[in-house]
Amino acid sequence: MAEFYEILVKELEKAFVKELWEIRRAAGDEKIYAAALLTDSNCTSVSLYVNTLEHLTRTLGENTSDEKLKWKIESWGYSDRMNGRKSLLLKSCQMLSIHDKKDHDEHMRMRDVFIETAVSAFRRAILKHPLTADTDDVTYYISISDSDEAKRLENFSSKMLNSKAVYKEFFKRS
């Protein structure tokens with residue numbers, strides 16, 4: 001089992017580095033304020049989302065101070081699958097799906113290991129290819145699309161991926 005997660009962390013990191021670069025390139029001169037890894041409650045899908053202040057303004061107009069909408073990942077402007085592009089994270093998703101099909105109960109028991117693996121891979125990718133020159137300009141975190149545990153995971157992962165100042169500010173969100 002440990003071998004699976006060792007391979008997965010390497011695949012995730014490699015894909016995150018490439019996807020962070022692609023998304024940074026697509027965002028151009030826009031100011032990125034957040035990047036999040038989104039998974040599902042079965043931990044079989046993985047997507048990377050990024051939002052910019054400019055996209056937030058285009059989406060919300062003058063309501064950019066609405067904290068709840070600011071952190072709503074599904075409405076963000078950039079992702080690993082934008083413009084119909086094939087995501088480099090698909091290989092990791094396939095690995096997770098096969099792992100789940102082999103033994104669903106074991107896969108579900110290992111959710112925390114997956115989260116730790118994802119945090120580790122995301123952290124290493126951010127260090128290799130940060131989205132901005134000042135890493136405190138971006139809030140990084142992981143979320144779950146279909147679970148009541150999303151906020152708990154977001155807070156946990158934000159604490160692991162960001163400076164203390166960025167985490168404290170993110171923790172205050174509504």
# chains A, B, ... in the order shown; residues from 1 in each chain; ligands from 1
>>> residues_around(residues="A:Arg85", least_positions_apart="5", cutoff="12 Å", atoms="only C-alpha atoms", output="list in words")
Glu19, Glu22, Ile23, Ala26, Tyr78, Ser79, Asp80 and Leu90 of chain A
>>> closest_residue(among="A:Lys68, A:Arg25, A:Lys102, A:Arg81", to="A:Leu131", atoms="only C-alpha atoms")
A:Arg25
>>> residues_around(residues="A:Met110", least_positions_apart="2", cutoff="12 Å", atoms="only C-alpha atoms", output="ChimeraX atom specification")
/A:1-2,4-5,41-44,96,99-100,103-108,112-117
>>> atom_distance(atom1="atom CA of A:Ala35", atom2="atom CA of A:Val50")
4.3 Å
>>> select_by_dssp(residues="stretch 36-163 of chain A", states="helix (DSSP H, G or I)", output="VMD selection string")
chain A and resid 53 to 60 67 to 70 73 to 75 82 to 84 90 to 102 104 to 109 111 to 128 135 to 137 150 to 161
>>> write_last_selection(atoms="C-alpha atoms", output="PDB file, in the first residue's frame")
ATOM      1  CA  LEU A  53      -8.775  39.142  -8.869  1.00  0.00           C
ATOM      2  CA  GLU A  54      -9.665  40.143 -12.424  1.00  0.00           C
ATOM      3  CA  HIS A  55     -11.805  37.043 -12.968  1.00  0.00           C
ATOM      4  CA  LEU A  56     -13.439  37.590  -9.596  1.00  0.00           C
ATOM      5  CA  THR A  57     -14.342  41.147 -10.648  1.00  0.00           C
ATOM      6  CA  ARG A  58     -15.676  39.935 -14.019  1.00  0.00           C
ATOM      7  CA  THR A  59     -17.811  37.319 -12.230  1.00  0.00           C
ATOM      8  CA  LEU A  60     -19.066  39.338  -9.281  1.00  0.00           C
ATOM      9  CA  GLU A  67     -16.069  36.220   1.034  1.00  0.00           C
ATOM     10  CA  LYS A  68     -18.286  33.199   0.335  1.00  0.00           C
ATOM     11  CA  LEU A  69     -18.199  33.717  -3.433  1.00  0.00           C
ATOM     12  CA  LYS A  70     -14.496  34.569  -3.396  1.00  0.00           C
ATOM     13  CA  ILE A  73     -13.919  27.007  -6.457  1.00  0.00           C
ATOM     14  CA  GLU A  74     -16.402  25.941  -9.132  1.00  0.00           C
ATOM     15  CA  SER A  75     -16.763  29.547 -10.328  1.00  0.00           C
ATOM     16  CA  MET A  82      -9.855  24.642 -19.209  1.00  0.00           C
ATOM     17  CA  ASN A  83     -10.546  25.064 -22.902  1.00  0.00           C
ATOM     18  CA  GLY A  84     -11.016  21.312 -23.352  1.00  0.00           C
ATOM     19  CA  LEU A  90      -5.767  12.325 -15.483  1.00  0.00           C
ATOM     20  CA  LYS A  91      -3.078   9.702 -14.880  1.00  0.00           C
ATOM     21  CA  SER A  92      -3.361  10.286 -11.115  1.00  0.00           C
ATOM     22  CA  CYS A  93      -7.159  10.078 -11.356  1.00  0.00           C
ATOM     23  CA  GLN A  94      -6.864   6.781 -13.201  1.00  0.00           C
ATOM     24  CA  MET A  95      -4.479   5.430 -10.555  1.00  0.00           C
ATOM     25  CA  LEU A  96      -6.903   6.451  -7.790  1.00  0.00           C
ATOM     26  CA  SER A  97      -9.888   4.962  -9.595  1.00  0.00           C
ATOM     27  CA  ILE A  98      -8.126   1.621 -10.133  1.00  0.00           C
ATOM     28  CA  HIS A  99      -7.015   1.607  -6.485  1.00  0.00           C
ATOM     29  CA  ASP A 100     -10.634   2.232  -5.414  1.00  0.00           C
ATOM     30  CA  LYS A 101     -12.004  -0.532  -7.653  1.00  0.00           C
ATOM     31  CA  LYS A 102      -9.513  -3.101  -6.326  1.00  0.00           C
ATOM     32  CA  HIS A 104     -13.116   0.201  -2.084  1.00  0.00           C
ATOM     33  CA  ASP A 105     -13.170  -0.291   1.698  1.00  0.00           C
ATOM     34  CA  GLU A 106      -9.377  -0.144   1.929  1.00  0.00           C
ATOM     35  CA  HIS A 107      -9.292   2.851  -0.389  1.00  0.00           C
ATOM     36  CA  MET A 108     -11.776   4.702   1.834  1.00  0.00           C
ATOM     37  CA  ARG A 109      -9.797   3.843   4.974  1.00  0.00           C
ATOM     38  CA  ARG A 111      -8.427   8.741   2.607  1.00  0.00           C
ATOM     39  CA  ASP A 112      -6.281  10.525   5.179  1.00  0.00           C
ATOM     40  CA  VAL A 113      -3.151   9.072   3.601  1.00  0.00           C
ATOM     41  CA  PHE A 114      -4.355  10.333   0.221  1.00  0.00           C
ATOM     42  CA  ILE A 115      -4.935  13.819   1.658  1.00  0.00           C
ATOM     43  CA  GLU A 116      -1.448  13.840   3.203  1.00  0.00           C
ATOM     44  CA  THR A 117      -0.035  12.633  -0.117  1.00  0.00           C
ATOM     45  CA  ALA A 118      -1.877  15.358  -2.023  1.00  0.00           C
ATOM     46  CA  VAL A 119      -0.738  18.061   0.434  1.00  0.00           C
ATOM     47  CA  SER A 120       2.847  16.869   0.157  1.00  0.00           C
ATOM     48  CA  ALA A 121       2.792  16.790  -3.649  1.00  0.00           C
ATOM     49  CA  PHE A 122       1.061  20.179  -3.844  1.00  0.00           C
ATOM     50  CA  ARG A 123       3.563  21.751  -1.415  1.00  0.00           C
ATOM     51  CA  ARG A 124       6.543  20.424  -3.361  1.00  0.00           C
ATOM     52  CA  ALA A 125       5.056  21.614  -6.668  1.00  0.00           C
ATOM     53  CA  ILE A 126       4.391  25.089  -5.218  1.00  0.00           C
ATOM     54  CA  LEU A 127       8.000  25.298  -4.061  1.00  0.00           C
ATOM     55  CA  LYS A 128       9.198  24.317  -7.545  1.00  0.00           C
ATOM     56  CA  THR A 135       4.053  33.151  -2.179  1.00  0.00           C
ATOM     57  CA  ASP A 136       1.984  35.069   0.384  1.00  0.00           C
ATOM     58  CA  ASP A 137       0.026  36.617  -2.505  1.00  0.00           C
ATOM     59  CA  ALA A 150     -14.808  20.487   3.019  1.00  0.00           C
ATOM     60  CA  LYS A 151     -14.197  23.424   5.350  1.00  0.00           C
ATOM     61  CA  ARG A 152     -12.249  21.267   7.815  1.00  0.00           C
ATOM     62  CA  LEU A 153     -10.031  19.952   5.002  1.00  0.00           C
ATOM     63  CA  GLU A 154      -9.587  23.437   3.555  1.00  0.00           C
ATOM     64  CA  ASN A 155      -8.426  24.763   6.923  1.00  0.00           C
ATOM     65  CA  PHE A 156      -6.107  21.786   7.563  1.00  0.00           C
ATOM     66  CA  SER A 157      -4.508  21.930   4.127  1.00  0.00           C
ATOM     67  CA  SER A 158      -4.233  25.724   4.137  1.00  0.00           C
ATOM     68  CA  LYS A 159      -2.294  25.510   7.367  1.00  0.00           C
ATOM     69  CA  MET A 160       0.111  23.030   5.752  1.00  0.00           C
ATOM     70  CA  LEU A 161       0.520  24.895   2.448  1.00  0.00           C
TER      71      LEU A 161
END
>>> decode(residues="stretch 29-44 of chain A", atoms="all heavy atoms", output="PDB file, in the first residue's frame")
ATOM      1  N   ASP A  29      -1.207  38.286 -17.195  1.00  0.00           N
ATOM      2  CA  ASP A  29      -0.839  39.311 -16.213  1.00  0.00           C
ATOM      3  C   ASP A  29      -1.839  39.447 -15.077  1.00  0.00           C
ATOM      4  O   ASP A  29      -1.688  40.322 -14.229  1.00  0.00           O
ATOM      5  CB  ASP A  29      -0.692  40.676 -16.905  1.00  0.00           C
ATOM      6  CG  ASP A  29       0.499  40.711 -17.843  1.00  0.00           C
ATOM      7  OD1 ASP A  29       1.444  39.913 -17.627  1.00  0.00           O
ATOM      8  OD2 ASP A  29       0.476  41.511 -18.800  1.00  0.00           O
ATOM      9  N   GLU A  30      -2.877  38.619 -15.083  1.00  0.00           N
ATOM     10  CA  GLU A  30      -3.878  38.714 -14.020  1.00  0.00           C
ATOM     11  C   GLU A  30      -3.263  38.323 -12.676  1.00  0.00           C
ATOM     12  O   GLU A  30      -2.360  37.488 -12.610  1.00  0.00           O
ATOM     13  CB  GLU A  30      -5.085  37.835 -14.338  1.00  0.00           C
ATOM     14  CG  GLU A  30      -5.859  38.334 -15.545  1.00  0.00           C
ATOM     15  CD  GLU A  30      -7.132  37.556 -15.819  1.00  0.00           C
ATOM     16  OE1 GLU A  30      -7.658  36.913 -14.889  1.00  0.00           O
ATOM     17  OE2 GLU A  30      -7.599  37.590 -16.965  1.00  0.00           O
ATOM     18  N   LYS A  31      -3.762  38.929 -11.604  1.00  0.00           N
ATOM     19  CA  LYS A  31      -3.225  38.701 -10.261  1.00  0.00           C
ATOM     20  C   LYS A  31      -3.919  37.500  -9.610  1.00  0.00           C
ATOM     21  O   LYS A  31      -5.088  37.569  -9.238  1.00  0.00           O
ATOM     22  CB  LYS A  31      -3.410  39.953  -9.404  1.00  0.00           C
ATOM     23  CG  LYS A  31      -2.809  39.787  -8.021  1.00  0.00           C
ATOM     24  CD  LYS A  31      -2.612  41.116  -7.345  1.00  0.00           C
ATOM     25  CE  LYS A  31      -2.150  41.030  -5.926  1.00  0.00           C
ATOM     26  NZ  LYS A  31      -1.161  40.076  -5.574  1.00  0.00           N
ATOM     27  N   ILE A  32      -3.184  36.427  -9.478  1.00  0.00           N
ATOM     28  CA  ILE A  32      -3.713  35.203  -8.852  1.00  0.00           C
ATOM     29  C   ILE A  32      -3.773  35.402  -7.343  1.00  0.00           C
ATOM     30  O   ILE A  32      -2.812  35.847  -6.734  1.00  0.00           O
ATOM     31  CB  ILE A  32      -2.830  33.995  -9.206  1.00  0.00           C
ATOM     32  CG1 ILE A  32      -2.900  33.722 -10.714  1.00  0.00           C
ATOM     33  CG2 ILE A  32      -3.238  32.769  -8.404  1.00  0.00           C
ATOM     34  CD1 ILE A  32      -1.946  32.666 -11.209  1.00  0.00           C
ATOM     35  N   TYR A  33      -4.920  35.058  -6.755  1.00  0.00           N
ATOM     36  CA  TYR A  33      -5.047  35.148  -5.299  1.00  0.00           C
ATOM     37  C   TYR A  33      -5.298  33.791  -4.639  1.00  0.00           C
ATOM     38  O   TYR A  33      -5.136  33.655  -3.427  1.00  0.00           O
ATOM     39  CB  TYR A  33      -6.144  36.140  -4.884  1.00  0.00           C
ATOM     40  CG  TYR A  33      -7.555  35.652  -5.143  1.00  0.00           C
ATOM     41  CD1 TYR A  33      -8.238  34.878  -4.196  1.00  0.00           C
ATOM     42  CD2 TYR A  33      -8.217  35.967  -6.320  1.00  0.00           C
ATOM     43  CE1 TYR A  33      -9.523  34.431  -4.428  1.00  0.00           C
ATOM     44  CE2 TYR A  33      -9.502  35.531  -6.553  1.00  0.00           C
ATOM     45  CZ  TYR A  33     -10.155  34.763  -5.601  1.00  0.00           C
ATOM     46  OH  TYR A  33     -11.431  34.328  -5.837  1.00  0.00           O
ATOM     47  N   ALA A  34      -5.697  32.776  -5.415  1.00  0.00           N
ATOM     48  CA  ALA A  34      -5.987  31.478  -4.808  1.00  0.00           C
ATOM     49  C   ALA A  34      -5.760  30.343  -5.794  1.00  0.00           C
ATOM     50  O   ALA A  34      -5.995  30.488  -6.998  1.00  0.00           O
ATOM     51  CB  ALA A  34      -7.427  31.436  -4.302  1.00  0.00           C
ATOM     52  N   ALA A  35      -5.308  29.210  -5.237  1.00  0.00           N
ATOM     53  CA  ALA A  35      -5.155  27.978  -6.008  1.00  0.00           C
ATOM     54  C   ALA A  35      -5.604  26.828  -5.112  1.00  0.00           C
ATOM     55  O   ALA A  35      -5.205  26.750  -3.954  1.00  0.00           O
ATOM     56  CB  ALA A  35      -3.711  27.777  -6.433  1.00  0.00           C
ATOM     57  N   ALA A  36      -6.449  25.973  -5.653  1.00  0.00           N
ATOM     58  CA  ALA A  36      -6.977  24.881  -4.847  1.00  0.00           C
ATOM     59  C   ALA A  36      -7.007  23.580  -5.630  1.00  0.00           C
ATOM     60  O   ALA A  36      -7.302  23.563  -6.828  1.00  0.00           O
ATOM     61  CB  ALA A  36      -8.386  25.209  -4.359  1.00  0.00           C
ATOM     62  N   LEU A  37      -6.713  22.539  -4.926  1.00  0.00           N
ATOM     63  CA  LEU A  37      -6.854  21.192  -5.443  1.00  0.00           C
ATOM     64  C   LEU A  37      -8.226  20.713  -4.996  1.00  0.00           C
ATOM     65  O   LEU A  37      -8.565  20.823  -3.818  1.00  0.00           O
ATOM     66  CB  LEU A  37      -5.758  20.300  -4.855  1.00  0.00           C
ATOM     67  CG  LEU A  37      -5.866  18.814  -5.121  1.00  0.00           C
ATOM     68  CD1 LEU A  37      -5.715  18.538  -6.606  1.00  0.00           C
ATOM     69  CD2 LEU A  37      -4.805  18.073  -4.344  1.00  0.00           C
ATOM     70  N   LEU A  38      -9.029  20.236  -5.920  1.00  0.00           N
ATOM     71  CA  LEU A  38     -10.370  19.774  -5.602  1.00  0.00           C
ATOM     72  C   LEU A  38     -10.456  18.278  -5.856  1.00  0.00           C
ATOM     73  O   LEU A  38     -10.092  17.806  -6.933  1.00  0.00           O
ATOM     74  CB  LEU A  38     -11.403  20.523  -6.449  1.00  0.00           C
ATOM     75  CG  LEU A  38     -12.872  20.250  -6.158  1.00  0.00           C
ATOM     76  CD1 LEU A  38     -13.228  20.728  -4.739  1.00  0.00           C
ATOM     77  CD2 LEU A  38     -13.762  20.943  -7.186  1.00  0.00           C
ATOM     78  N   THR A  39     -10.919  17.550  -4.849  1.00  0.00           N
ATOM     79  CA  THR A  39     -11.128  16.112  -4.981  1.00  0.00           C
ATOM     80  C   THR A  39     -12.576  15.816  -4.626  1.00  0.00           C
ATOM     81  O   THR A  39     -13.343  16.715  -4.302  1.00  0.00           O
ATOM     82  CB  THR A  39     -10.137  15.310  -4.101  1.00  0.00           C
ATOM     83  OG1 THR A  39     -10.255  13.911  -4.419  1.00  0.00           O
ATOM     84  CG2 THR A  39     -10.387  15.525  -2.624  1.00  0.00           C
ATOM     85  N   ASP A  40     -12.966  14.556  -4.709  1.00  0.00           N
ATOM     86  CA  ASP A  40     -14.310  14.154  -4.304  1.00  0.00           C
ATOM     87  C   ASP A  40     -14.218  13.317  -3.036  1.00  0.00           C
ATOM     88  O   ASP A  40     -13.121  12.975  -2.596  1.00  0.00           O
ATOM     89  CB  ASP A  40     -15.013  13.393  -5.427  1.00  0.00           C
ATOM     90  CG  ASP A  40     -14.284  12.122  -5.828  1.00  0.00           C
ATOM     91  OD1 ASP A  40     -13.181  11.868  -5.314  1.00  0.00           O
ATOM     92  OD2 ASP A  40     -14.812  11.381  -6.662  1.00  0.00           O
ATOM     93  N   SER A  41     -15.360  12.978  -2.451  1.00  0.00           N
ATOM     94  CA  SER A  41     -15.354  12.244  -1.184  1.00  0.00           C
ATOM     95  C   SER A  41     -14.775  10.834  -1.323  1.00  0.00           C
ATOM     96  O   SER A  41     -14.323  10.256  -0.344  1.00  0.00           O
ATOM     97  CB  SER A  41     -16.756  12.185  -0.567  1.00  0.00           C
ATOM     98  OG  SER A  41     -17.662  11.603  -1.474  1.00  0.00           O
ATOM     99  N   ASN A  42     -14.775  10.291  -2.525  1.00  0.00           N
ATOM    100  CA  ASN A  42     -14.155   8.981  -2.755  1.00  0.00           C
ATOM    101  C   ASN A  42     -12.667   9.093  -3.043  1.00  0.00           C
ATOM    102  O   ASN A  42     -11.984   8.080  -3.178  1.00  0.00           O
ATOM    103  CB  ASN A  42     -14.826   8.249  -3.919  1.00  0.00           C
ATOM    104  CG  ASN A  42     -16.175   7.711  -3.560  1.00  0.00           C
ATOM    105  OD1 ASN A  42     -16.454   7.424  -2.393  1.00  0.00           O
ATOM    106  ND2 ASN A  42     -17.049   7.581  -4.543  1.00  0.00           N
ATOM    107  N   CYS A  43     -12.189  10.314  -3.193  1.00  0.00           N
ATOM    108  CA  CYS A  43     -10.771  10.568  -3.508  1.00  0.00           C
ATOM    109  C   CYS A  43     -10.335   9.816  -4.758  1.00  0.00           C
ATOM    110  O   CYS A  43      -9.284   9.170  -4.796  1.00  0.00           O
ATOM    111  CB  CYS A  43      -9.882  10.218  -2.312  1.00  0.00           C
ATOM    112  SG  CYS A  43     -10.219  11.212  -0.850  1.00  0.00           S
ATOM    113  N   THR A  44     -11.169   9.921  -5.796  1.00  0.00           N
ATOM    114  CA  THR A  44     -10.806   9.301  -7.066  1.00  0.00           C
ATOM    115  C   THR A  44     -10.628  10.321  -8.180  1.00  0.00           C
ATOM    116  O   THR A  44     -10.209   9.967  -9.275  1.00  0.00           O
ATOM    117  CB  THR A  44     -11.865   8.263  -7.505  1.00  0.00           C
ATOM    118  OG1 THR A  44     -13.140   8.893  -7.543  1.00  0.00           O
ATOM    119  CG2 THR A  44     -11.892   7.074  -6.553  1.00  0.00           C
TER     120      THR A  44
END
